[in-house]
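Next comes query.pdb, a file with PDB, C-alpha atoms (C1' of nucleotides).
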ATOM      1  CA  MET E  12       2.132  -3.971  -4.585
ATOM      2  CA  PRO E  13       1.136  -0.425  -5.421
ATOM      3  CA  GLU E  14       3.239   2.032  -3.492
ATOM      4  CA  LEU E  15       3.686   5.738  -4.100
ATOM      5  CA  PRO E  16       5.361   5.597  -7.551
ATOM      6  CA  GLU E  17       2.723   3.207  -8.908
ATOM      7  CA  VAL E  18      -0.115   5.314  -7.512
ATOM      8  CA  GLU E  19       1.401   8.444  -9.054
ATOM      9  CA  VAL E  20       1.549   6.693 -12.447
ATOM     10  CA  VAL E  21      -2.143   5.885 -12.077
ATOM     11  CA  ARG E  22      -2.952   9.451 -11.017
ATOM     12  CA  ALA E  23      -1.205  10.867 -14.055
ATOM     13  CA  GLY E  24      -3.053   8.408 -16.274
ATOM     14  CA  LEU E  25      -6.402   9.353 -14.814
ATOM     15  CA  ALA E  26      -5.604  13.059 -15.128
ATOM     16  CA  ALA E  27      -4.931  12.574 -18.817
ATOM     17  CA  HIS E  28      -7.834  10.266 -19.649
ATOM     18  CA  VAL E  29     -10.820  10.795 -17.362
ATOM     19  CA  THR E  30     -10.789  14.381 -16.107
ATOM     20  CA  GLY E  31     -13.435  16.499 -17.751
ATOM     21  CA  ARG E  32     -15.636  13.487 -18.471
ATOM     22  CA  THR E  33     -19.148  12.989 -17.110
ATOM     23  CA  VAL E  34     -20.032   9.774 -15.274
ATOM     24  CA  SER E  35     -23.230   8.241 -16.610
ATOM     25  CA  THR E  36     -23.716   5.064 -14.573
ATOM     26  CA  VAL E  37     -21.896   3.126 -11.878
ATOM     27  CA  GLU E  38     -21.975  -0.632 -11.440
ATOM     28  CA  VAL E  39     -20.770  -2.133  -8.165
ATOM     29  CA  ARG E  40     -19.843  -5.760  -8.745
ATOM     30  CA  HIS E  41     -18.547  -6.542  -5.263
ATOM     31  CA  PRO E  42     -19.823  -4.745  -2.132
ATOM     32  CA  ARG E  43     -16.512  -5.061  -0.316
ATOM     33  CA  ALA E  44     -14.927  -2.720  -2.877
ATOM     34  CA  ILE E  45     -17.052   0.154  -1.550
ATOM     35  CA  ARG E  46     -17.185  -0.944   2.110
ATOM     36  CA  ARG E  47     -15.798   2.422   3.214
ATOM     37  CA  HIS E  48     -18.750   4.168   1.576
ATOM     38  CA  ILE E  49     -20.981   3.761   4.604
ATOM     39  CA  ALA E  50     -24.227   4.758   2.861
ATOM     40  CA  GLY E  51     -23.971   1.757   0.542
ATOM     41  CA  GLU E  52     -24.050   0.864  -3.118
ATOM     42  CA  ARG E  53     -27.107   2.820  -4.240
ATOM     43  CA  ASP E  54     -25.887   5.999  -2.576
ATOM     44  CA  PHE E  55     -22.401   5.529  -4.040
ATOM     45  CA  ALA E  56     -23.749   5.119  -7.555
ATOM     46  CA  GLY E  57     -26.285   7.920  -7.144
ATOM     47  CA  ARG E  58     -23.687  10.406  -5.963
ATOM     48  CA  LEU E  59     -21.475   9.787  -8.987
ATOM     49  CA  ALA E  60     -24.033   9.599 -11.776
ATOM     50  CA  GLY E  61     -24.128  12.795 -13.809
ATOM     51  CA  ARG E  62     -21.028  14.238 -12.153
ATOM     52  CA  VAL E  63     -17.961  15.545 -13.958
ATOM     53  CA  LEU E  64     -14.545  14.268 -12.804
ATOM     54  CA  ALA E  65     -12.664  17.530 -12.411
ATOM     55  CA  ALA E  66      -9.137  16.612 -11.303
ATOM     56  CA  ALA E  67      -6.987  13.650 -10.210
ATOM     57  CA  ARG E  68      -5.044  14.145  -6.984
ATOM     58  CA  ARG E  69      -2.922  12.060  -4.640
ATOM     59  CA  ARG E  70      -1.461  12.020  -1.175
ATOM     60  CA  GLY E  71       0.792   9.123  -0.308
ATOM     61  CA  LYS E  72      -0.955   6.011  -1.584
ATOM     62  CA  TYR E  73      -4.411   7.589  -1.603
ATOM     63  CA  LEU E  74      -5.797   8.785  -4.922
ATOM     64  CA  TRP E  75      -8.945  10.772  -5.575
ATOM     65  CA  LEU E  76     -10.949  12.327  -8.387
ATOM     66  CA  GLU E  77     -12.546  15.641  -7.519
ATOM     67  CA  LEU E  78     -16.179  16.015  -8.510
ATOM     68  CA  ASP E  79     -17.281  19.186 -10.251
ATOM     69  CA  GLY E  80     -20.120  21.427  -9.196
ATOM     70  CA  CYS E  81     -20.951  20.368  -5.673
ATOM     71  CA  ALA E  82     -20.970  22.043  -2.289
ATOM     72  CA  PRO E  83     -19.439  20.977  -0.042
ATOM     73  CA  ALA E  84     -16.686  19.806  -2.354
ATOM     74  CA  GLU E  85     -16.537  16.044  -2.866
ATOM     75  CA  ALA E  86     -14.292  13.456  -4.468
ATOM     76  CA  VAL E  87     -14.314   9.781  -5.268
ATOM     77  CA  LEU E  88     -11.501   8.401  -3.135
ATOM     78  CA  SER E  89      -9.516   5.316  -4.025
ATOM     79  CA  HIS E  90      -6.950   3.194  -2.277
ATOM     80  CA  LEU E  91      -5.460   0.388  -4.336
ATOM     81  CA  GLY E  92      -4.593  -1.731  -1.323
ATOM     82  CA  MET E  93      -2.451  -4.716  -2.196
ATOM     83  CA  SER E  94      -3.667  -5.589  -5.650
ATOM     84  CA  GLY E  95      -5.939  -2.813  -6.910
ATOM     85  CA  GLN E  96      -5.895  -1.504 -10.470
ATOM     86  CA  LEU E  97      -7.739   1.366 -12.099
ATOM     87  CA  ARG E  98      -8.068   0.583 -15.792
ATOM     88  CA  ILE E  99      -9.497   2.510 -18.687
ATOM     89  CA  GLN E 100     -10.998  -0.037 -21.053
ATOM     90  CA  PRO E 101     -13.138  -0.003 -24.192
ATOM     91  CA  PRO E 102     -16.763  -0.747 -23.247
ATOM     92  CA  ASP E 103     -16.702  -3.991 -25.203
ATOM     93  CA  ALA E 104     -13.525  -5.332 -23.565
ATOM     94  CA  PRO E 105     -14.155  -8.573 -21.623
ATOM     95  CA  ASP E 106     -14.687  -8.132 -17.897
ATOM     96  CA  GLU E 107     -11.662  -8.881 -15.778
ATOM     97  CA  SER E 108     -12.139 -11.803 -13.385
ATOM     98  CA  HIS E 109     -11.718  -9.494 -10.391
ATOM     99  CA  LEU E 110     -13.670  -6.531 -11.716
ATOM    100  CA  ARG E 111     -15.219  -4.836  -8.662
ATOM    101  CA  VAL E 112     -16.584  -1.461  -9.847
ATOM    102  CA  ARG E 113     -17.316  -0.031 -13.293
ATOM    103  CA  LEU E 114     -17.825   3.656 -14.117
ATOM    104  CA  ARG E 115     -19.405   4.360 -17.485
ATOM    105  CA  PHE E 116     -19.135   7.798 -19.047
ATOM    106  CA  ALA E 117     -21.654   9.866 -20.976
ATOM    107  CA  ASP E 118     -19.363   9.964 -24.009
ATOM    108  CA  ALA E 119     -19.247   6.119 -24.009
ATOM    109  CA  ALA E 120     -15.720   6.269 -25.439
ATOM    110  CA  SER E 121     -14.255   4.103 -22.680
ATOM    111  CA  GLU E 122     -15.010   3.096 -19.106
ATOM    112  CA  LEU E 123     -13.079   3.196 -15.856
ATOM    113  CA  ARG E 124     -12.773  -0.128 -14.040
ATOM    114  CA  PHE E 125     -11.633  -0.869 -10.519
ATOM    115  CA  VAL E 126     -10.101  -4.338 -10.547
ATOM    116  CA  ASP E 127      -8.844  -5.846  -7.293
ATOM    117  CA  GLN E 128      -8.034  -9.486  -6.675
ATOM    118  CA  ARG E 129      -7.643  -9.327  -2.907
ATOM    119  CA  THR E 130     -10.135  -6.528  -2.197
ATOM    120  CA  PHE E 131      -7.911  -4.715   0.260
ATOM    121  CA  GLY E 132      -8.509  -1.601  -1.808
ATOM    122  CA  GLY E 133     -11.723   0.255  -2.419
ATOM    123  CA  LEU E 134     -13.641   3.350  -3.509
ATOM    124  CA  SER E 135     -15.849   5.814  -1.642
ATOM    125  CA  VAL E 136     -17.310   9.291  -2.146
ATOM    126  CA  GLU E 137     -15.982  11.695   0.484
ATOM    127  CA  ASP E 138     -16.234  15.344   1.505
ATOM    128  CA  LEU E 139     -13.119  17.440   0.956
ATOM    129  CA  VAL E 140     -11.853  19.233   4.050
ATOM    130  CA  PRO E 141      -9.091  21.871   4.396
ATOM    131  CA  VAL E 142      -5.955  20.500   6.076
ATOM    132  CA  ASP E 143      -2.675  22.380   6.312
ATOM    133  CA  GLY E 144      -3.289  24.421   3.166
ATOM    134  CA  ALA E 145      -4.590  21.491   1.117
ATOM    135  CA  LEU E 146      -8.082  20.177   0.368
ATOM    136  CA  LEU E 147      -8.211  16.485   1.293
ATOM    137  CA  PRO E 148     -10.860  13.770   1.449
ATOM    138  CA  ARG E 149     -11.865  13.382   5.098
ATOM    139  CA  PRO E 150     -10.301   9.875   5.529
ATOM    140  CA  VAL E 151      -6.992  11.261   4.216
ATOM    141  CA  ALA E 152      -6.837  14.185   6.633
ATOM    142  CA  HIS E 153      -4.431  12.340   8.966
ATOM    143  CA  ILE E 154      -2.044  11.247   6.186
ATOM    144  CA  ALA E 155       1.299  13.080   6.145
ATOM    145  CA  ARG E 156       2.895  14.545   3.024
ATOM    146  CA  ASP E 157       5.094  12.122   1.090
ATOM    147  CA  PRO E 158       8.807  12.594   0.263
ATOM    148  CA  LEU E 159       8.006  13.563  -3.342
ATOM    149  CA  ASP E 160       5.584  16.309  -2.258
ATOM    150  CA  PRO E 161       7.098  19.760  -3.009
ATOM    151  CA  LEU E 162       5.985  20.882   0.467
ATOM    152  CA  PHE E 163       7.505  17.855   2.248
ATOM    153  CA  ASP E 164       9.413  19.243   5.242
ATOM    154  CA  VAL E 165      12.257  16.807   5.852
ATOM    155  CA  GLU E 166      13.558  18.600   8.941
ATOM    156  CA  ALA E 167      10.130  18.534  10.584
ATOM    157  CA  VAL E 168       9.804  14.808   9.889
ATOM    158  CA  VAL E 169      13.311  14.179  11.262
ATOM    159  CA  THR E 170      12.305  15.932  14.479
ATOM    160  CA  ALA E 171       9.020  14.036  14.736
ATOM    161  CA  MET E 172      10.715  10.732  13.994
ATOM    162  CA  ARG E 173      13.273  11.130  16.774
ATOM    163  CA  VAL E 174      10.517  11.825  19.291
ATOM    164  CA  ARG E 175       8.938   8.444  18.603
ATOM    165  CA  ARG E 176       9.700   5.450  20.784
ATOM    166  CA  THR E 177       9.697   2.839  18.069
ATOM    167  CA  GLY E 178      11.849   1.122  15.468
ATOM    168  CA  LEU E 179      13.023   2.895  12.327
ATOM    169  CA  LYS E 180      11.160   0.762   9.809
ATOM    170  CA  ARG E 181       7.954   0.953  11.774
ATOM    171  CA  ALA E 182       8.312   4.745  11.688
ATOM    172  CA  LEU E 183       8.909   4.736   7.927
ATOM    173  CA  LEU E 184       5.701   2.734   7.427
ATOM    174  CA  ASP E 185       3.676   5.081   9.654
ATOM    175  CA  GLN E 186       1.634   7.066   7.137
ATOM    176  CA  THR E 187       0.876   9.765   9.718
ATOM    177  CA  LEU E 188       4.601  10.543   9.959
ATOM    178  CA  VAL E 189       5.628  10.222   6.308
ATOM    179  CA  SER E 190       3.364   8.775   3.649
ATOM    180  CA  GLY E 191       3.852   6.717   0.524
ATOM    181  CA  ILE E 192       6.500   4.330   1.859
ATOM    182  CA  GLY E 193       5.592   0.638   1.925
ATOM    183  CA  ASN E 194       7.522  -2.477   2.828
ATOM    184  CA  ILE E 195       9.544  -2.568  -0.391
ATOM    185  CA  TYR E 196      10.734   1.042  -0.451
ATOM    186  CA  ALA E 197      11.328   1.024   3.308
ATOM    187  CA  ASP E 198      13.807  -1.834   2.888
ATOM    188  CA  GLU E 199      15.448  -0.182  -0.108
ATOM    189  CA  ALA E 200      15.745   3.192   1.649
ATOM    190  CA  LEU E 201      17.225   1.573   4.762
ATOM    191  CA  TRP E 202      19.766  -0.256   2.623
ATOM    192  CA  ARG E 203      20.785   2.935   0.827
ATOM    193  CA  ALA E 204      21.166   4.752   4.154
ATOM    194  CA  ARG E 205      23.044   1.760   5.656
ATOM    195  CA  LEU E 206      20.667   1.602   8.586
ATOM    196  CA  HIS E 207      19.061  -1.458  10.179
ATOM    197  CA  TRP E 208      15.278  -1.609  10.427
ATOM    198  CA  ALA E 209      15.347  -2.208  14.190
ATOM    199  CA  ARG E 210      17.281   0.960  15.009
ATOM    200  CA  PRO E 211      15.399   2.853  17.729
ATOM    201  CA  THR E 212      14.268   6.147  16.228
ATOM    202  CA  ALA E 213      15.019   7.991  19.467
ATOM    203  CA  GLU E 214      18.707   7.074  19.158
ATOM    204  CA  LEU E 215      19.134   8.181  15.534
ATOM    205  CA  ARG E 216      21.331  11.142  14.730
ATOM    206  CA  ARG E 217      19.547  13.832  12.710
ATOM    207  CA  SER E 218      21.868  13.132   9.803
ATOM    208  CA  GLN E 219      20.866   9.451   9.828
ATOM    209  CA  ALA E 220      17.147  10.183   9.908
ATOM    210  CA  ARG E 221      17.636  12.716   7.115
ATOM    211  CA  ALA E 222      19.624  10.178   5.106
ATOM    212  CA  VAL E 223      16.950   7.498   5.181
ATOM    213  CA  LEU E 224      14.221   9.966   4.208
ATOM    214  CA  THR E 225      16.362  11.298   1.371
ATOM    215  CA  ALA E 226      17.030   7.726   0.258
ATOM    216  CA  ALA E 227      13.309   6.982   0.274
ATOM    217  CA  ALA E 228      12.692   9.998  -1.938
ATOM    218  CA  GLU E 229      15.471   8.936  -4.309
ATOM    219  CA  VAL E 230      14.406   5.334  -4.694
ATOM    220  CA  MET E 231      10.765   6.293  -5.233
ATOM    221  CA  ALA E 232      11.697   8.991  -7.744
ATOM    222  CA  GLU E 233      13.738   6.437  -9.676
ATOM    223  CA  ALA E 234      10.882   3.943  -9.622
ATOM    224  CA  LEU E 235       8.475   6.646 -10.761
ATOM    225  CA  ALA E 236      10.735   7.547 -13.659
ATOM    226  CA  ALA E 237      10.858   3.879 -14.690
ATOM    227  CA  GLY E 238       7.168   3.212 -14.117
ATOM    228  CA  GLY E 239       6.052   6.186 -16.122
ATOM    229  CA  THR E 240       6.964   4.587 -19.388
ATOM    230  CA  SER E 241       4.499   1.699 -19.150
ATOM    231  CA  PHE E 242       1.382   3.831 -19.486
ATOM    232  CA  ASP E 243      -0.727   3.895 -22.600
ATOM    233  CA  ALA E 244      -4.091   5.374 -23.496
ATOM    234  CA  LEU E 245      -6.168   2.300 -22.720
ATOM    235  CA  TYR E 246      -4.480   0.986 -19.647
ATOM    236  CA  VAL E 247      -4.031   2.950 -16.474
ATOM    237  CA  ASN E 248      -1.317   0.799 -15.148
ATOM    238  CA  ILE E 249      -0.961  -0.829 -11.833
ATOM    239  CA  ASN E 250       0.390  -3.952 -13.371
ATOM    240  CA  GLY E 251       2.142  -5.632 -10.458
ATOM    241  CA  ARG E 252       4.238  -7.773 -12.716
ATOM    242  CA  SER E 253       5.624  -5.310 -15.193
ATOM    243  CA  GLY E 254       6.036  -2.369 -12.852
ATOM    244  CA  TYR E 255       7.313  -4.426  -9.988
ATOM    245  CA  PHE E 256      10.020  -6.466 -11.563
ATOM    246  CA  ASP E 257      11.404  -3.676 -13.687
ATOM    247  CA  ARG E 258      12.700  -1.959 -10.587
ATOM    248  CA  SER E 259      16.284  -2.298  -9.539
ATOM    249  CA  LEU E 260      15.837  -3.660  -6.050
ATOM    250  CA  ALA E 261      19.006  -4.036  -4.023
ATOM    251  CA  VAL E 262      17.726  -6.163  -1.138
ATOM    252  CA  TYR E 263      13.951  -6.609  -1.191
ATOM    253  CA  GLY E 264      13.043 -10.211  -2.008
ATOM    254  CA  ARG E 265      16.709 -11.140  -2.465
ATOM    255  CA  ASP E 266      17.151 -13.477   0.493
ATOM    256  CA  GLY E 267      20.535 -15.223   0.184
ATOM    257  CA  LEU E 268      21.622 -13.266  -2.890
ATOM    258  CA  PRO E 269      24.712 -11.017  -2.769
ATOM    259  CA  CYS E 270      24.380  -7.424  -1.621
ATOM    260  CA  PRO E 271      25.107  -5.266  -4.710
ATOM    261  CA  ARG E 272      27.382  -3.073  -2.591
ATOM    262  CA  CYS E 273      29.530  -5.501  -0.583
ATOM    263  CA  GLY E 274      28.597  -8.994  -1.748
ATOM    264  CA  ALA E 275      27.419 -10.317   1.611
ATOM    265  CA  ALA E 276      24.326 -12.536   1.464
ATOM    266  CA  VAL E 277      21.106 -10.582   1.951
ATOM    267  CA  ARG E 278      19.189 -11.688   5.018
ATOM    268  CA  ARG E 279      15.454 -12.000   5.550
ATOM    269  CA  ASP E 280      13.998 -11.290   8.995
ATOM    270  CA  SER E 281      10.449 -11.511  10.256
ATOM    271  CA  PHE E 282       9.022  -8.100  10.958
ATOM    272  CA  THR E 283       5.448  -7.700  12.265
ATOM    273  CA  ASN E 284       4.171 -10.759  10.407
ATOM    274  CA  ARG E 285       5.972  -9.827   7.198
ATOM    275  CA  SER E 286       9.527  -9.647   5.916
ATOM    276  CA  SER E 287      12.461  -7.293   6.160
ATOM    277  CA  TYR E 288      15.512  -7.681   3.946
ATOM    278  CA  THR E 289      18.901  -6.304   4.976
ATOM    279  CA  CYS E 290      22.553  -6.655   4.198
ATOM    280  CA  PRO E 291      24.136  -7.948   7.435
ATOM    281  CA  ARG E 292      27.400  -6.173   6.638
ATOM    282  CA  CYS E 293      26.157  -2.789   5.377
ATOM    283  CA  GLN E 294      23.285  -2.646   7.868
ATOM    284  CA  PRO E 295      24.527  -4.087  11.159
ATOM    285  CA  ARG E 296      21.904  -4.907  13.739
ATOM    286  CA  PRO E 297      21.972  -2.342  16.578
ATOM    287  CA  ARG E 298      23.287  -3.418  19.961
ATOM    288  CA  ARG E 299      19.982  -2.406  21.504
ATOM    289  CA  PRO E 300      17.354  -2.977  18.812
ATOM    290  CA  HIS E 301      13.844  -1.735  19.301
ATOM    291  CA  PRO E 302      11.844  -4.778  20.439
TER     292      PRO E 302
ATOM    293  C1'  DG O   7      -1.746   9.706  23.972
ATOM    294  C1'  DT O   8       1.253   6.269  22.010
ATOM    295  C1'  DT O   9       2.507   1.864  20.401
ATOM    296  C1'  DC O  10       1.558  -2.724  18.989
ATOM    297  C1'  DG O  11      -0.752  -6.886  17.070
ATOM    298  C1'  DC O  12      -4.153  -8.756  14.424
ATOM    299  C1'  DA O  13      -7.949  -9.346  10.933
ATOM    300  C1'  DC O  14      -9.157  -8.588   6.474
ATOM    301  C1'  DC O  15      -8.483 -11.163   1.576
ATOM    302  C1'  DT O  16      -7.115 -14.277  -2.550
ATOM    303  C1'  DG O  17      -4.041 -16.956  -5.234
ATOM    304  C1'  DA O  18       0.547 -18.979  -5.843
ATOM    305  C1'  DG O  19       3.654 -22.270  -4.220
ATOM    306  C1'  DC O  20       4.797 -26.090  -1.638
ATOM    307  C1'  DG O  21       4.671 -30.617   0.847
ATOM    308  C1'  DC O  22       2.276 -34.667   1.618
TER     309       DC O  22
ATOM    310  C1'  DT M  13      -4.834 -35.096  -8.316
ATOM    311  C1'  DG M  14      -6.317 -32.884  -4.358
ATOM    312  C1'  DC M  15      -5.967 -31.115   0.095
ATOM    313  C1'  DG M  16      -4.154 -28.080   3.613
ATOM    314  C1'  DC M  17      -0.819 -24.925   4.997
ATOM    315  C1'  DT M  18       2.126 -20.723   4.463
ATOM    316  C1'  DC M  19       3.168 -16.479   2.532
ATOM    317  C1'  DA M  20       2.545 -11.939   0.425
ATOM    318  C1'  DG M  21       1.331  -6.846   2.893
ATOM    319  C1'  DG M  22      -1.610  -1.681   3.643
ATOM    320  C1'  DT M  23      -4.857  -0.170   6.617
ATOM    321  C1'  DG M  24      -7.954   0.359  10.553
ATOM    322  C1'  DC M  25      -9.261  -0.872  14.936
ATOM    323  C1'  DG M  26      -9.040  -2.579  19.538
ATOM    324  C1'  DA M  27      -5.947  -3.717  23.267
ATOM    325  C1'  DA M  28      -2.178  -2.733  26.244
TER     326       DA M  28
END

Mind converting the file's structure to structure tokens?
Amino acid sequence: MPELPEVEVVRAGLAAHVTGRTVSTVEVRHPRAIRRHIAGERDFAGRLAGRVLAAARRRGKYLWLELDGCAPAEAVLSHLGMSGQLRIQPPDAPDESHLRVRLRFADAASELRFVDQRTFGGLSVEDLVPVDGALLPRPVAHIARDPLDPLFDVEAVVTAMRVRRTGLKRALLDQTLVSGIGNIYADEALWRARLHWARPTAELRRSQARAVLTAAAEVMAEALAAGGTSFDALYVNINGRSGYFDRSLAVYGRDGLPCPRCGAAVRRDSFTNRSSYTCPRCQPRPRRPHP
DNA sequence: GTTCGCACCTGAGCGC
DNA sequence: TGCGCTCAGGTGCGAA
């Protein structure tokens, strides 16, 4: 699944290969892919045609391409959801089976395709609004900075986290508190910090909260460094298979396998209709877990 | 105001 | 072979 490192790889690819290019036409192949663009398909296509893609930006798992020469400032916003890909393809390349949106460019050198099997992701054109010194698409205004953001304030997040009355993993997945962390990196960060996912945030020491946030930054930076090598000129990569399995995951998806640190069998728990993986020895369950 | 649970969605894997 | 069920999980929204 695309999490922060994968989205950053895509952003860098788009910055290199589509910025400065003029959109000629837009083809929406599946309406659900632009469901967040309330005005509909024709408006979506009309607002992009003839526009220059000026810059590729990201916050957390949201990605957007700023549009040149408009007031108020606008951008085409993308979230990859669970299975989304943004691909740069030659115009004569066969359509992918889950191709949802196609952007053609005036130079006709290549086209940008939004491919999404499960259609949890999508595109929309949004106004940019000033938030905390940054210019963000309106639906992203509530998203916190991510641990790789140079302006990420770890001490402020530690304070905010300890005010919450919830479990630690739930807090890590709350994009309004800290963005970019999904189920995989949450489990990996918790393992590195030796903390159980059910620890009540209100009972964490500052050093523990700081440790798990630092671990999240480390594991995502390592994944980004690894993922950055799979990019080439014709493929803006969110390739779940190659990017995903190349990572060195300590616990995620390793139910029953030995913990790389102590050798105890990794355990899978149910967590809000999904899974959490922990080492029962390195990450002991708290005496009073958050329910 | 804060926290939680569920729907959304498709394909792989599995048991029968 | 085919059917039905479970699982995967980020986000937004309504309920508590």

### Query
Where does the PyMOL selection byres ((chain E and resi 74) around 7) land in this file, that is, which residues does it pick, as a PyMOL selection string?
chain E and resi 22+68-70+72-73+75+88-90

### Query
Any idea which chain O residues end up within 9 Å of chain E if we count only C-alpha atoms (C1' of nucleotides), as number ranges by chain please?
O: 8-9, 11, 14-17

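Matched in the shown structure by the PyMOL selection byres ((chain M and resi 19-27) around 9): Met12, Gly92, Met93, Phe131, Gly132, Gly193, Asn194, Asn284 and Arg285 of chain E; DC10, DG11 and DG19 of chain O; DT18 and DA28 of chain M.
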
Just write the chosen residues, C-alpha atoms (C1' of nucleotides), as a JSON list (two decimals), in the frame of the given file.
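Dumped everything to again00.json:
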[["chain", "number", "residue", "atom", "x", "y", "z"],
["E", 12, "MET", "CA", 2.13, -3.97, -4.58],
["E", 92, "GLY", "CA", -4.59, -1.73, -1.32],
["E", 93, "MET", "CA", -2.45, -4.72, -2.20],
["E", 131, "PHE", "CA", -7.91, -4.72, 0.26],
["E", 132, "GLY", "CA", -8.51, -1.60, -1.81],
["E", 193, "GLY", "CA", 5.59, 0.64, 1.92],
["E", 194, "ASN", "CA", 7.52, -2.48, 2.83],
["E", 284, "ASN", "CA", 4.17, -10.76, 10.41],
["E", 285, "ARG", "CA", 5.97, -9.83, 7.20],
["O", 10, "DC", "C1'", 1.56, -2.72, 18.99],
["O", 11, "DG", "C1'", -0.75, -6.89, 17.07],
["O", 19, "DG", "C1'", 3.65, -22.27, -4.22],
["M", 18, "DT", "C1'", 2.13, -20.72, 4.46],
["M", 28, "DA", "C1'", -2.18, -2.73, 26.24]]

Mind working out the centre and edge lengths of an axis-aligned box for chain O, all listed atoms inside, 5 Å added to each side, rounded to one decimal in Å and written as JSON?
{"center_x": -2.2, "center_y": -12.5, "center_z": 9.1, "size_x": 24.0, "size_y": 54.4, "size_z": 39.8}

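Across the model, the gap from atom CA of E:Cys290 to atom CA of E:Ala275 is 6.6 Å.
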
### Message
Quick check on the file I pasted: which residues fall under the PyMOL selection byres ((chain E and resi 32-47) around 10)? Write them as a VMD selection string.
### Response
chain E and resid 28 to 31 48 to 53 55 to 65 78 to 79 88 to 90 95 109 to 119 122 to 127 129 to 137 150

Deliver the residues from the most recent selection as a file, using C-alpha atoms, as a compact mmCIF listing (two decimals), in the coordinates of the input.
# COMPACT_ATOMS: atom_id res chain seq x y z
CA HIS E 28 -7.83 10.27 -19.65
CA VAL E 29 -10.82 10.80 -17.36
CA THR E 30 -10.79 14.38 -16.11
CA GLY E 31 -13.44 16.50 -17.75
CA HIS E 48 -18.75 4.17 1.58
CA ILE E 49 -20.98 3.76 4.60
CA ALA E 50 -24.23 4.76 2.86
CA GLY E 51 -23.97 1.76 0.54
CA GLU E 52 -24.05 0.86 -3.12
CA ARG E 53 -27.11 2.82 -4.24
CA PHE E 55 -22.40 5.53 -4.04
CA ALA E 56 -23.75 5.12 -7.56
CA GLY E 57 -26.28 7.92 -7.14
CA ARG E 58 -23.69 10.41 -5.96
CA LEU E 59 -21.48 9.79 -8.99
CA ALA E 60 -24.03 9.60 -11.78
CA GLY E 61 -24.13 12.80 -13.81
CA ARG E 62 -21.03 14.24 -12.15
CA VAL E 63 -17.96 15.54 -13.96
CA LEU E 64 -14.54 14.27 -12.80
CA ALA E 65 -12.66 17.53 -12.41
CA LEU E 78 -16.18 16.02 -8.51
CA ASP E 79 -17.28 19.19 -10.25
CA LEU E 88 -11.50 8.40 -3.14
CA SER E 89 -9.52 5.32 -4.03
CA HIS E 90 -6.95 3.19 -2.28
CA GLY E 95 -5.94 -2.81 -6.91
CA HIS E 109 -11.72 -9.49 -10.39
CA LEU E 110 -13.67 -6.53 -11.72
CA ARG E 111 -15.22 -4.84 -8.66
CA VAL E 112 -16.58 -1.46 -9.85
CA ARG E 113 -17.32 -0.03 -13.29
CA LEU E 114 -17.82 3.66 -14.12
CA ARG E 115 -19.40 4.36 -17.48
CA PHE E 116 -19.14 7.80 -19.05
CA ALA E 117 -21.65 9.87 -20.98
CA ASP E 118 -19.36 9.96 -24.01
CA ALA E 119 -19.25 6.12 -24.01
CA GLU E 122 -15.01 3.10 -19.11
CA LEU E 123 -13.08 3.20 -15.86
CA ARG E 124 -12.77 -0.13 -14.04
CA PHE E 125 -11.63 -0.87 -10.52
CA VAL E 126 -10.10 -4.34 -10.55
CA ASP E 127 -8.84 -5.85 -7.29
CA ARG E 129 -7.64 -9.33 -2.91
CA THR E 130 -10.14 -6.53 -2.20
CA PHE E 131 -7.91 -4.72 0.26
CA GLY E 132 -8.51 -1.60 -1.81
CA GLY E 133 -11.72 0.26 -2.42
CA LEU E 134 -13.64 3.35 -3.51
CA SER E 135 -15.85 5.81 -1.64
CA VAL E 136 -17.31 9.29 -2.15
CA GLU E 137 -15.98 11.70 0.48
CA PRO E 150 -10.30 9.88 5.53

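Atom CA of E:Ala152 lies 23.9 Å from atom C1' of O:DA13.
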
### Task
Would you please work out which residue, of E:Leu235, E:Leu179, E:Leu91, E:Val168, is nearest to chain M when using all atoms listed in the file?
E:Leu91
